[in-house]
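Shown here: work_21.pdb, PDB, C-alpha atoms.
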```pdb
ATOM      1  CA  MET Y   1     -13.458 -10.632  19.030
ATOM      2  CA  MET Y   2     -15.171 -13.690  20.416
ATOM      3  CA  LYS Y   3     -15.806 -16.402  17.913
ATOM      4  CA  ASN Y   4     -19.434 -17.134  17.131
ATOM      5  CA  LYS Y   5     -20.661 -20.703  17.412
ATOM      6  CA  GLN Y   6     -20.595 -21.319  13.650
ATOM      7  CA  ALA Y   7     -16.936 -20.282  13.496
ATOM      8  CA  GLY Y   8     -16.000 -22.505  16.425
ATOM      9  CA  ASP Y   9     -17.922 -25.459  14.980
ATOM     10  CA  LEU Y  10     -16.354 -25.040  11.530
ATOM     11  CA  GLU Y  11     -12.861 -24.762  13.015
ATOM     12  CA  ASN Y  12     -13.284 -27.910  15.116
ATOM     13  CA  TYR Y  13     -14.622 -29.795  12.108
ATOM     14  CA  LEU Y  14     -11.858 -28.622   9.758
ATOM     15  CA  LEU Y  15      -8.977 -29.313  12.118
ATOM     16  CA  LYS Y  16     -10.308 -32.747  13.009
ATOM     17  CA  ALA Y  17     -11.411 -33.928   9.553
ATOM     18  CA  ILE Y  18      -8.622 -32.427   7.416
ATOM     19  CA  PRO Y  19      -5.286 -32.940   9.191
ATOM     20  CA  ILE Y  20      -3.360 -30.806   6.713
ATOM     21  CA  SER Y  21      -5.450 -27.783   7.792
ATOM     22  CA  SER Y  22      -4.121 -28.377  11.282
ATOM     23  CA  ALA Y  23      -0.524 -28.605   9.957
ATOM     24  CA  MET Y  24      -1.081 -25.273   8.188
ATOM     25  CA  GLY Y  25      -2.349 -23.729  11.436
ATOM     26  CA  VAL Y  26      -5.694 -22.703   9.928
ATOM     27  CA  ARG Y  27      -8.126 -20.829  12.180
ATOM     28  CA  VAL Y  28     -11.716 -19.837  11.431
ATOM     29  CA  GLU Y  29     -12.040 -16.114  12.151
ATOM     30  CA  VAL Y  30     -15.582 -15.634  10.843
ATOM     31  CA  ALA Y  31     -18.185 -18.124   9.655
ATOM     32  CA  SER Y  32     -21.689 -17.161   8.635
ATOM     33  CA  THR Y  33     -23.988 -17.817   5.699
ATOM     34  CA  LYS Y  34     -22.665 -14.530   4.228
ATOM     35  CA  GLU Y  35     -18.902 -15.037   4.542
ATOM     36  CA  VAL Y  36     -16.119 -17.244   5.818
ATOM     37  CA  ILE Y  37     -12.758 -15.798   6.827
ATOM     38  CA  LEU Y  38      -9.881 -18.124   7.660
ATOM     39  CA  SER Y  39      -6.452 -17.151   8.923
ATOM     40  CA  ALA Y  40      -3.141 -18.990   8.803
ATOM     41  CA  PRO Y  41       0.247 -18.207  10.297
ATOM     42  CA  PHE Y  42       3.399 -17.607   8.263
ATOM     43  CA  ALA Y  43       5.854 -20.072   9.843
ATOM     44  CA  PRO Y  44       4.369 -23.507   8.970
ATOM     45  CA  ASN Y  45       3.554 -22.351   5.435
ATOM     46  CA  ILE Y  46       6.880 -20.971   4.215
ATOM     47  CA  ASN Y  47       8.715 -22.052   1.111
ATOM     48  CA  HIS Y  48      12.391 -21.992   0.099
ATOM     49  CA  LYS Y  49      12.168 -18.236  -0.617
ATOM     50  CA  LYS Y  50      10.727 -17.471   2.835
ATOM     51  CA  THR Y  51       7.412 -16.445   1.358
ATOM     52  CA  VAL Y  52       4.196 -18.433   1.751
ATOM     53  CA  PHE Y  53       4.115 -21.600  -0.374
ATOM     54  CA  GLY Y  54       1.634 -21.304  -3.263
ATOM     55  CA  GLY Y  55       0.174 -24.677  -2.314
ATOM     56  CA  SER Y  56      -0.743 -23.399   1.146
ATOM     57  CA  LEU Y  57      -2.375 -20.280  -0.308
ATOM     58  CA  HIS Y  58      -4.446 -22.418  -2.663
ATOM     59  CA  ALA Y  59      -5.375 -24.837   0.123
ATOM     60  CA  VAL Y  60      -6.576 -22.118   2.516
ATOM     61  CA  ALA Y  61      -8.584 -20.418  -0.262
ATOM     62  CA  THR Y  62     -10.150 -23.802  -1.068
ATOM     63  CA  LEU Y  63     -11.060 -24.347   2.586
ATOM     64  CA  ALA Y  64     -12.652 -20.880   2.872
ATOM     65  CA  SER Y  65     -14.815 -21.564  -0.194
ATOM     66  CA  TRP Y  66     -15.713 -25.047   0.928
ATOM     67  CA  GLY Y  67     -16.485 -23.656   4.392
ATOM     68  CA  LEU Y  68     -18.961 -21.143   2.992
ATOM     69  CA  LEU Y  69     -20.855 -23.928   1.213
ATOM     70  CA  HIS Y  70     -20.656 -26.150   4.276
ATOM     71  CA  VAL Y  71     -22.192 -23.440   6.487
ATOM     72  CA  ASN Y  72     -24.954 -22.716   3.960
ATOM     73  CA  LEU Y  73     -25.863 -26.283   3.062
ATOM     74  CA  ALA Y  74     -25.785 -27.573   6.637
ATOM     75  CA  GLY Y  75     -24.918 -31.233   6.200
ATOM     76  CA  ASP Y  76     -27.685 -32.193   3.772
ATOM     77  CA  TYR Y  77     -25.327 -32.223   0.815
ATOM     78  CA  GLN Y  78     -21.932 -33.598  -0.117
ATOM     79  CA  ILE Y  79     -19.659 -30.890  -1.465
ATOM     80  CA  VAL Y  80     -17.090 -31.905  -4.062
ATOM     81  CA  ILE Y  81     -14.565 -29.639  -5.763
ATOM     82  CA  ALA Y  82     -14.476 -29.931  -9.567
ATOM     83  CA  SER Y  83     -11.839 -27.397 -10.594
ATOM     84  CA  SER Y  84     -10.115 -24.203  -9.566
ATOM     85  CA  GLU Y  85      -8.022 -21.363 -10.876
ATOM     86  CA  ILE Y  86      -5.649 -19.237  -8.868
ATOM     87  CA  LYS Y  87      -3.675 -16.095  -9.622
ATOM     88  CA  TYR Y  88      -0.751 -15.283  -7.365
ATOM     89  CA  LEU Y  89      -0.703 -11.474  -7.418
ATOM     90  CA  ALA Y  90       1.949 -10.760  -4.795
ATOM     91  CA  PRO Y  91       4.203 -12.837  -2.535
ATOM     92  CA  VAL Y  92       2.904 -13.286   1.017
ATOM     93  CA  THR Y  93       5.538 -12.665   3.683
ATOM     94  CA  SER Y  94       3.588 -12.895   6.938
ATOM     95  CA  ASP Y  95       0.332 -14.272   8.390
ATOM     96  CA  PHE Y  96      -2.569 -14.152   5.960
ATOM     97  CA  LYS Y  97      -6.336 -14.419   5.655
ATOM     98  CA  ALA Y  98      -8.605 -16.055   3.098
ATOM     99  CA  VAL Y  99     -12.004 -14.449   2.567
ATOM    100  CA  CYS Y 100     -14.905 -16.046   0.733
ATOM    101  CA  HIS Y 101     -18.154 -14.092   0.332
ATOM    102  CA  MET Y 102     -21.459 -15.274  -1.038
ATOM    103  CA  PRO Y 103     -21.620 -15.078  -4.843
ATOM    104  CA  GLU Y 104     -24.137 -12.813  -6.602
ATOM    105  CA  ALA Y 105     -27.671 -13.473  -5.366
ATOM    106  CA  LEU Y 106     -28.850 -14.452  -8.852
ATOM    107  CA  ASP Y 107     -26.138 -17.139  -9.147
ATOM    108  CA  TRP Y 108     -26.805 -18.433  -5.661
ATOM    109  CA  ASP Y 109     -30.566 -18.576  -6.176
ATOM    110  CA  ARG Y 110     -30.126 -20.466  -9.448
ATOM    111  CA  PHE Y 111     -27.739 -22.906  -7.727
ATOM    112  CA  ILE Y 112     -30.220 -23.575  -4.881
ATOM    113  CA  LYS Y 113     -33.113 -23.924  -7.331
ATOM    114  CA  ILE Y 114     -31.277 -26.548  -9.430
ATOM    115  CA  LEU Y 115     -30.023 -28.274  -6.278
ATOM    116  CA  LYS Y 116     -33.575 -28.632  -4.906
ATOM    117  CA  LYS Y 117     -34.963 -29.752  -8.251
ATOM    118  CA  LYS Y 118     -32.209 -32.166  -9.366
ATOM    119  CA  GLY Y 119     -30.410 -32.991  -6.117
ATOM    120  CA  LYS Y 120     -27.142 -31.858  -7.717
ATOM    121  CA  ALA Y 121     -25.808 -28.481  -8.840
ATOM    122  CA  ARG Y 122     -22.556 -26.616  -9.341
ATOM    123  CA  ILE Y 123     -21.454 -23.150  -8.351
ATOM    124  CA  LYS Y 124     -18.323 -21.049  -8.767
ATOM    125  CA  LEU Y 125     -17.057 -19.318  -5.630
ATOM    126  CA  ASN Y 126     -14.395 -16.656  -5.415
ATOM    127  CA  ALA Y 127     -11.949 -16.365  -2.535
ATOM    128  CA  LYS Y 128      -9.253 -13.788  -1.968
ATOM    129  CA  ILE Y 129      -6.131 -13.907   0.162
ATOM    130  CA  PHE Y 130      -5.042 -10.792   1.999
ATOM    131  CA  GLU Y 131      -1.834 -10.036   3.858
ATOM    132  CA  GLY Y 132      -3.030  -7.151   6.005
ATOM    133  CA  ASP Y 133      -4.959  -5.009   3.520
ATOM    134  CA  LYS Y 134      -2.967  -6.185   0.509
ATOM    135  CA  LEU Y 135      -4.723  -8.455  -1.971
ATOM    136  CA  SER Y 136      -2.241 -11.254  -2.670
ATOM    137  CA  VAL Y 137      -4.209 -14.052  -4.298
ATOM    138  CA  ASP Y 138      -7.328 -14.306  -6.421
ATOM    139  CA  TYR Y 139      -8.900 -17.774  -6.397
ATOM    140  CA  SER Y 140     -12.022 -19.273  -7.879
ATOM    141  CA  GLY Y 141     -13.277 -22.795  -7.406
ATOM    142  CA  VAL Y 142     -16.137 -24.711  -8.974
ATOM    143  CA  PHE Y 143     -17.910 -26.854  -6.404
ATOM    144  CA  VAL Y 144     -20.589 -29.481  -6.922
ATOM    145  CA  ALA Y 145     -23.180 -30.073  -4.209
ATOM    146  CA  ILE Y 146     -24.935 -33.428  -4.208
ATOM    147  CA  LYS Y 147     -27.874 -34.329  -2.007
ATOM    148  CA  THR Y 148     -26.798 -36.922   0.551
ATOM    149  CA  ASP Y 149     -29.447 -39.416  -0.594
ATOM    150  CA  TYR Y 150     -28.785 -38.718  -4.291
ATOM    151  CA  PHE Y 151     -26.871 -41.955  -4.884
TER     152      PHE Y 151
ATOM    153  CA  MET X   1      14.501 -48.784  -6.937
ATOM    154  CA  MET X   2      17.386 -46.811  -5.516
ATOM    155  CA  LYS X   3      16.964 -43.082  -5.636
ATOM    156  CA  ASN X   4      19.381 -41.214  -7.849
ATOM    157  CA  LYS X   5      21.320 -38.310  -6.365
ATOM    158  CA  GLN X   6      19.102 -35.642  -7.932
ATOM    159  CA  ALA X   7      16.010 -37.211  -6.353
ATOM    160  CA  GLY X   8      17.661 -37.412  -2.943
ATOM    161  CA  ASP X   9      18.908 -33.830  -3.169
ATOM    162  CA  LEU X  10      15.506 -32.503  -4.259
ATOM    163  CA  GLU X  11      13.749 -34.419  -1.474
ATOM    164  CA  ASN X  12      16.109 -33.098   1.194
ATOM    165  CA  TYR X  13      15.683 -29.572  -0.107
ATOM    166  CA  LEU X  14      11.876 -29.760  -0.318
ATOM    167  CA  LEU X  15      11.349 -31.278   3.102
ATOM    168  CA  LYS X  16      13.703 -28.810   4.758
ATOM    169  CA  ALA X  17      12.674 -25.621   2.951
ATOM    170  CA  ILE X  18       8.905 -26.209   2.686
ATOM    171  CA  PRO X  19       7.635 -27.639   5.982
ATOM    172  CA  ILE X  20       4.153 -28.297   4.633
ATOM    173  CA  SER X  21       5.656 -30.781   2.135
ATOM    174  CA  SER X  22       6.968 -32.658   5.138
ATOM    175  CA  ALA X  23       3.510 -32.565   6.808
ATOM    176  CA  MET X  24       2.043 -33.984   3.579
ATOM    177  CA  GLY X  25       4.642 -36.786   3.611
ATOM    178  CA  VAL X  26       5.962 -35.918   0.140
ATOM    179  CA  ARG X  27       8.730 -38.102  -1.273
ATOM    180  CA  VAL X  28      10.724 -37.603  -4.465
ATOM    181  CA  GLU X  29      10.544 -40.826  -6.463
ATOM    182  CA  VAL X  30      12.266 -39.602  -9.623
ATOM    183  CA  ALA X  31      14.057 -36.358 -10.403
ATOM    184  CA  SER X  32      15.833 -35.681 -13.682
ATOM    185  CA  THR X  33      15.884 -32.910 -16.256
ATOM    186  CA  LYS X  34      13.203 -34.919 -18.120
ATOM    187  CA  GLU X  35      10.699 -35.586 -15.334
ATOM    188  CA  VAL X  36       9.937 -35.290 -11.654
ATOM    189  CA  ILE X  37       7.707 -37.802  -9.881
ATOM    190  CA  LEU X  38       6.609 -37.147  -6.309
ATOM    191  CA  SER X  39       4.596 -39.445  -4.089
ATOM    192  CA  ALA X  40       2.474 -38.743  -1.035
ATOM    193  CA  PRO X  41       0.679 -41.020   1.401
ATOM    194  CA  PHE X  42      -3.078 -41.044   1.933
ATOM    195  CA  ALA X  43      -3.361 -40.633   5.719
ATOM    196  CA  PRO X  44      -1.964 -37.113   6.334
ATOM    197  CA  ASN X  45      -3.827 -35.751   3.303
ATOM    198  CA  ILE X  46      -7.385 -36.914   3.923
ATOM    199  CA  ASN X  47     -10.433 -34.675   4.050
ATOM    200  CA  HIS X  48     -13.817 -35.024   5.747
ATOM    201  CA  LYS X  49     -14.992 -37.473   3.051
ATOM    202  CA  LYS X  50     -11.948 -39.740   3.534
ATOM    203  CA  THR X  51     -10.631 -38.869   0.112
ATOM    204  CA  VAL X  52      -7.511 -36.808  -0.524
ATOM    205  CA  PHE X  53      -8.022 -33.092   0.165
ATOM    206  CA  GLY X  54      -8.024 -31.039  -3.067
ATOM    207  CA  GLY X  55      -5.538 -28.621  -1.502
ATOM    208  CA  SER X  56      -3.009 -31.419  -0.994
ATOM    209  CA  LEU X  57      -3.433 -32.620  -4.586
ATOM    210  CA  HIS X  58      -2.839 -29.099  -5.868
ATOM    211  CA  ALA X  59       0.159 -28.615  -3.558
ATOM    212  CA  VAL X  60       1.898 -31.833  -4.635
ATOM    213  CA  ALA X  61       1.274 -31.055  -8.333
ATOM    214  CA  THR X  62       2.739 -27.583  -7.753
ATOM    215  CA  LEU X  63       5.815 -29.082  -6.082
ATOM    216  CA  ALA X  64       6.371 -31.563  -8.939
ATOM    217  CA  SER X  65       6.245 -28.733 -11.485
ATOM    218  CA  TRP X  66       8.437 -26.450  -9.417
ATOM    219  CA  GLY X  67      10.837 -29.374  -8.891
ATOM    220  CA  LEU X  68      11.235 -29.933 -12.626
ATOM    221  CA  LEU X  69      12.195 -26.286 -13.116
ATOM    222  CA  HIS X  70      14.480 -26.402 -10.078
ATOM    223  CA  VAL X  71      16.367 -29.425 -11.449
ATOM    224  CA  ASN X  72      16.697 -27.864 -14.909
ATOM    225  CA  LEU X  73      17.675 -24.345 -13.866
ATOM    226  CA  ALA X  74      20.155 -25.452 -11.196
ATOM    227  CA  GLY X  75      20.047 -22.566  -8.746
ATOM    228  CA  ASP X  76      20.859 -19.737 -11.153
ATOM    229  CA  TYR X  77      17.257 -18.550 -11.237
ATOM    230  CA  GLN X  78      14.484 -17.733  -8.831
ATOM    231  CA  ILE X  79      11.288 -19.593  -9.707
ATOM    232  CA  VAL X  80       8.001 -17.896  -8.887
ATOM    233  CA  ILE X  81       4.515 -19.261  -9.545
ATOM    234  CA  ALA X  82       2.166 -16.845 -11.316
ATOM    235  CA  SER X  83      -1.036 -18.840 -11.709
ATOM    236  CA  SER X  84      -2.451 -22.325 -11.961
ATOM    237  CA  GLU X  85      -5.503 -24.273 -13.007
ATOM    238  CA  ILE X  86      -6.530 -27.658 -11.726
ATOM    239  CA  LYS X  87      -9.215 -30.122 -12.739
ATOM    240  CA  TYR X  88     -10.211 -32.768 -10.219
ATOM    241  CA  LEU X  89     -11.167 -35.698 -12.434
ATOM    242  CA  ALA X  90     -11.703 -38.428  -9.826
ATOM    243  CA  PRO X  91     -11.502 -38.652  -6.036
ATOM    244  CA  VAL X  92      -8.216 -40.066  -4.709
ATOM    245  CA  THR X  93      -8.681 -42.714  -2.036
ATOM    246  CA  SER X  94      -5.153 -43.975  -1.386
ATOM    247  CA  ASP X  95      -1.487 -42.977  -1.839
ATOM    248  CA  PHE X  96      -0.858 -40.985  -4.990
ATOM    249  CA  LYS X  97       1.835 -39.701  -7.334
ATOM    250  CA  ALA X  98       2.349 -36.400  -9.132
ATOM    251  CA  VAL X  99       4.179 -36.530 -12.448
ATOM    252  CA  CYS X 100       5.591 -33.542 -14.292
ATOM    253  CA  HIS X 101       7.311 -34.042 -17.637
ATOM    254  CA  MET X 102       9.225 -31.533 -19.705
ATOM    255  CA  PRO X 103       6.937 -29.445 -21.928
ATOM    256  CA  GLU X 104       7.200 -29.583 -25.737
ATOM    257  CA  ALA X 105      10.790 -28.952 -26.879
ATOM    258  CA  LEU X 106       9.728 -25.881 -28.871
ATOM    259  CA  ASP X 107       8.143 -24.274 -25.788
ATOM    260  CA  TRP X 108      11.107 -25.138 -23.598
ATOM    261  CA  ASP X 109      13.647 -23.827 -26.134
ATOM    262  CA  ARG X 110      11.727 -20.568 -26.451
ATOM    263  CA  PHE X 111      11.583 -20.245 -22.655
ATOM    264  CA  ILE X 112      15.357 -20.773 -22.314
ATOM    265  CA  LYS X 113      16.089 -18.389 -25.187
ATOM    266  CA  ILE X 114      14.026 -15.564 -23.616
ATOM    267  CA  LEU X 115      15.450 -16.357 -20.183
ATOM    268  CA  LYS X 116      19.029 -16.042 -21.462
ATOM    269  CA  LYS X 117      18.271 -12.887 -23.411
ATOM    270  CA  LYS X 118      16.088 -11.025 -20.897
ATOM    271  CA  GLY X 119      16.943 -12.689 -17.574
ATOM    272  CA  LYS X 120      13.246 -13.427 -17.051
ATOM    273  CA  ALA X 121      10.759 -15.711 -18.795
ATOM    274  CA  ARG X 122       7.571 -17.640 -18.129
ATOM    275  CA  ILE X 123       6.533 -21.174 -18.947
ATOM    276  CA  LYS X 124       3.444 -23.300 -18.447
ATOM    277  CA  LEU X 125       4.026 -26.768 -17.037
ATOM    278  CA  ASN X 126       1.539 -29.598 -16.836
ATOM    279  CA  ALA X 127       1.416 -32.078 -13.973
ATOM    280  CA  LYS X 128      -0.851 -35.057 -13.504
ATOM    281  CA  ILE X 129      -1.840 -36.944 -10.386
ATOM    282  CA  PHE X 130      -2.259 -40.690 -10.568
ATOM    283  CA  GLU X 131      -3.682 -43.129  -8.053
ATOM    284  CA  GLY X 132      -2.134 -46.342  -9.333
ATOM    285  CA  ASP X 133      -2.742 -46.100 -13.087
ATOM    286  CA  LYS X 134      -5.820 -43.901 -12.755
ATOM    287  CA  LEU X 135      -5.508 -40.276 -13.813
ATOM    288  CA  SER X 136      -7.143 -38.280 -11.015
ATOM    289  CA  VAL X 137      -6.014 -34.686 -11.455
ATOM    290  CA  ASP X 138      -4.929 -32.520 -14.359
ATOM    291  CA  TYR X 139      -2.916 -29.458 -13.292
ATOM    292  CA  SER X 140      -1.139 -26.694 -15.131
ATOM    293  CA  GLY X 141       0.918 -23.924 -13.604
ATOM    294  CA  VAL X 142       2.544 -20.853 -15.095
ATOM    295  CA  PHE X 143       5.964 -20.264 -13.580
ATOM    296  CA  VAL X 144       8.272 -17.285 -13.980
ATOM    297  CA  ALA X 145      12.029 -17.805 -13.801
ATOM    298  CA  ILE X 146      14.136 -14.768 -12.951
ATOM    299  CA  LYS X 147      17.920 -14.658 -13.078
ATOM    300  CA  THR X 148      19.298 -14.377  -9.549
ATOM    301  CA  ASP X 149      21.157 -11.126 -10.338
ATOM    302  CA  TYR X 150      18.185  -9.675 -12.276
ATOM    303  CA  PHE X 151      17.126  -7.285  -9.514
TER     304      PHE X 151
END
```
Kindly present the structure from the file in structure tokens form.
Amino acid sequence: MMKNKQAGDLENYLLKAIPISSAMGVRVEVASTKEVILSAPFAPNINHKKTVFGGSLHAVATLASWGLLHVNLAGDYQIVIASSEIKYLAPVTSDFKAVCHMPEALDWDRFIKILKKKGKARIKLNAKIFEGDKLSVDYSGVFVAIKTDYF
Amino acid sequence: MMKNKQAGDLENYLLKAIPISSAMGVRVEVASTKEVILSAPFAPNINHKKTVFGGSLHAVATLASWGLLHVNLAGDYQIVIASSEIKYLAPVTSDFKAVCHMPEALDWDRFIKILKKKGKARIKLNAKIFEGDKLSVDYSGVFVAIKTDYF
């Protein structure tokens, strides 16, 4: 599948601005206002047990979530991560993908409404890691968006 | 300060077995059964805002916690991470350290007792990230230790 422009732009930005994403071999498979899907190869992300290091799984899930906000907010806002939770459901033993979809429309609309009114708002995003079809990781992160001229 | 043998051994093991720890520039400053302190440099861990990427902070906190268990359990157990939570309290704008101390003695004793009896037990460890003296990240991870011949 050919990458769309948003995916190519996001990948270039990520790899250039966040060197550790390059060390992890992150690729942007899909990027739209609806979803972001990242992939990462097994080899650079292994741990001592020859499964994927939990830190890499968390990092790629974080990048997928951040990417979805980045695509939707289009440079007018700073995006800061406030907190996250991650559940490691199954070890990952090969290449993997991180998928972040838009949250419920009601939550998103409320987030955008507060953001426009106050210049600052927070939203929880969920990302999942899959190895093939197998759900391996469940992640959620709370992100704060802040209008660039807020300060 | 000269590194003690445990710190040198843990560093060699980490950097060899988990390549992403090498990409992050992780060093083991202190390793004992009481505490593990890791350090990491700013440059390889930056994000697009020129602060430390949240994924790197989480990864180094995970490694400090895992390291403390590794030093205490001395190879007789597999250590698997089940879940974690992280709060990003302040942006990190230079080199940083991750500190993991032993949990409360009561919790540790209960963990070891169950581990000896059942061959498998879980424990929550807390790690903190400091930039100089400033607390920047509060992390907790739930780890499961499993006796090597449990399976």
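One distance worth recording is that between atom CA of Leu115 of chain Y and atom CA of Lys147 of chain Y, which is 7.7 Å.
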Using all atoms listed in the file, what table do you get, as JSON lines, when you list each residue of chain X with an atom no more than 8 Å from chain Y, its nearest pair of atoms, and their distance in Å rounded to one decimal, rows by chain then rising number?
```
{"residue": "X:Leu14", "atom": "CA", "partner": "Y:His48", "partner_atom": "CA", "distance": 7.8}
{"residue": "X:Ala17", "atom": "CA", "partner": "Y:His48", "partner_atom": "CA", "distance": 4.6}
{"residue": "X:Ile18", "atom": "CA", "partner": "Y:Asn47", "partner_atom": "CA", "distance": 4.4}
{"residue": "X:Pro19", "atom": "CA", "partner": "Y:Pro44", "partner_atom": "CA", "distance": 6.1}
{"residue": "X:Ile20", "atom": "CA", "partner": "Y:Asn45", "partner_atom": "CA", "distance": 6.0}
{"residue": "X:Ala23", "atom": "CA", "partner": "Y:Ala23", "partner_atom": "CA", "distance": 6.5}
{"residue": "X:Met24", "atom": "CA", "partner": "Y:Ile20", "partner_atom": "CA", "distance": 7.0}
{"residue": "X:Pro44", "atom": "CA", "partner": "Y:Pro19", "partner_atom": "CA", "distance": 6.1}
{"residue": "X:Asn45", "atom": "CA", "partner": "Y:Ile20", "partner_atom": "CA", "distance": 6.0}
{"residue": "X:Ile46", "atom": "CA", "partner": "Y:Ile18", "partner_atom": "CA", "distance": 5.8}
{"residue": "X:Asn47", "atom": "CA", "partner": "Y:Ile18", "partner_atom": "CA", "distance": 4.4}
{"residue": "X:His48", "atom": "CA", "partner": "Y:Ala17", "partner_atom": "CA", "distance": 4.6}
{"residue": "X:Phe53", "atom": "CA", "partner": "Y:Ile18", "partner_atom": "CA", "distance": 7.3}
{"residue": "X:Gly54", "atom": "CA", "partner": "Y:Ile81", "partner_atom": "CA", "distance": 7.2}
{"residue": "X:Gly55", "atom": "CA", "partner": "Y:Ala59", "partner_atom": "CA", "distance": 4.1}
{"residue": "X:Ser56", "atom": "CA", "partner": "Y:Ala59", "partner_atom": "CA", "distance": 7.1}
{"residue": "X:His58", "atom": "CA", "partner": "Y:Gly55", "partner_atom": "CA", "distance": 6.4}
{"residue": "X:Ala59", "atom": "CA", "partner": "Y:Gly55", "partner_atom": "CA", "distance": 4.1}
{"residue": "X:Val60", "atom": "CA", "partner": "Y:Gly55", "partner_atom": "CA", "distance": 7.7}
{"residue": "X:Thr62", "atom": "CA", "partner": "Y:Gly55", "partner_atom": "CA", "distance": 6.7}
{"residue": "X:Ile81", "atom": "CA", "partner": "Y:Tyr88", "partner_atom": "CA", "distance": 7.0}
{"residue": "X:Ala82", "atom": "CA", "partner": "Y:Tyr88", "partner_atom": "CA", "distance": 5.2}
{"residue": "X:Ser83", "atom": "CA", "partner": "Y:Lys87", "partner_atom": "CA", "distance": 4.3}
{"residue": "X:Ser84", "atom": "CA", "partner": "Y:Ile86", "partner_atom": "CA", "distance": 5.4}
{"residue": "X:Glu85", "atom": "CA", "partner": "Y:Glu85", "partner_atom": "CA", "distance": 4.4}
{"residue": "X:Ile86", "atom": "CA", "partner": "Y:Ser84", "partner_atom": "CA", "distance": 5.4}
{"residue": "X:Lys87", "atom": "CA", "partner": "Y:Ser83", "partner_atom": "CA", "distance": 4.3}
{"residue": "X:Tyr88", "atom": "CA", "partner": "Y:Ala82", "partner_atom": "CA", "distance": 5.2}
{"residue": "X:Leu89", "atom": "CA", "partner": "Y:Ala82", "partner_atom": "CA", "distance": 7.2}
```
Exercise for review: Using all atoms listed in the file, collect all residues at a distance of at most 8 Å from (-2.4, -9.5, 6.9) as written in the file, then present them as a count of residues only.
Suggested key: 9
Review point. Which polymer residues, protein or nucleic acid, are no farther than 7 Å from (-22.4, -23.1, 7.5), counting all atoms listed in the file, as a list in words?
Key: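 Answer for this query, in the requested form: Gln6, Ala31, Ser32, Thr33, Gly67, Leu68, Leu69, His70, Val71, Asn72, Leu73 and Ala74 of chain Y.
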Practice item. Skip Ala64 of chain Y itself and residues of its chain fewer than 4 positions away, then list as a PyMOL selection string all residues within 8 Å of it, counting all atoms listed in the file. Key: chain Y and resi 36-38+60+68+98-100+127
Exercise for review: Determine the nearest neighbour of Glu35 of chain X from the options X:Ala121, X:Met102, X:Val92, X:Leu10, counting only C-alpha atoms.
Suggested key: X:Met102
Exercise for review: Find the residues around Arg27 of chain X up to 7 Å (only C-alpha atoms counted), leave out those fewer than 6 positions away in its own chain, and share them as a list in words.
Suggested key: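 That gives Glu11, Leu38, Ser39 and Ala40 of chain X.
Take atom CA of Ile123 of chain X and atom CA of Phe143 of chain X: the distance between them is 5.5 Å.
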Exercise for review: Figure out the distance between atom CA of Thr93 of chain Y and atom CA of Glu29 of chain Y, please, to one decimal in Å.
Suggested key: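 These atoms are spaced 19.8 Å apart.
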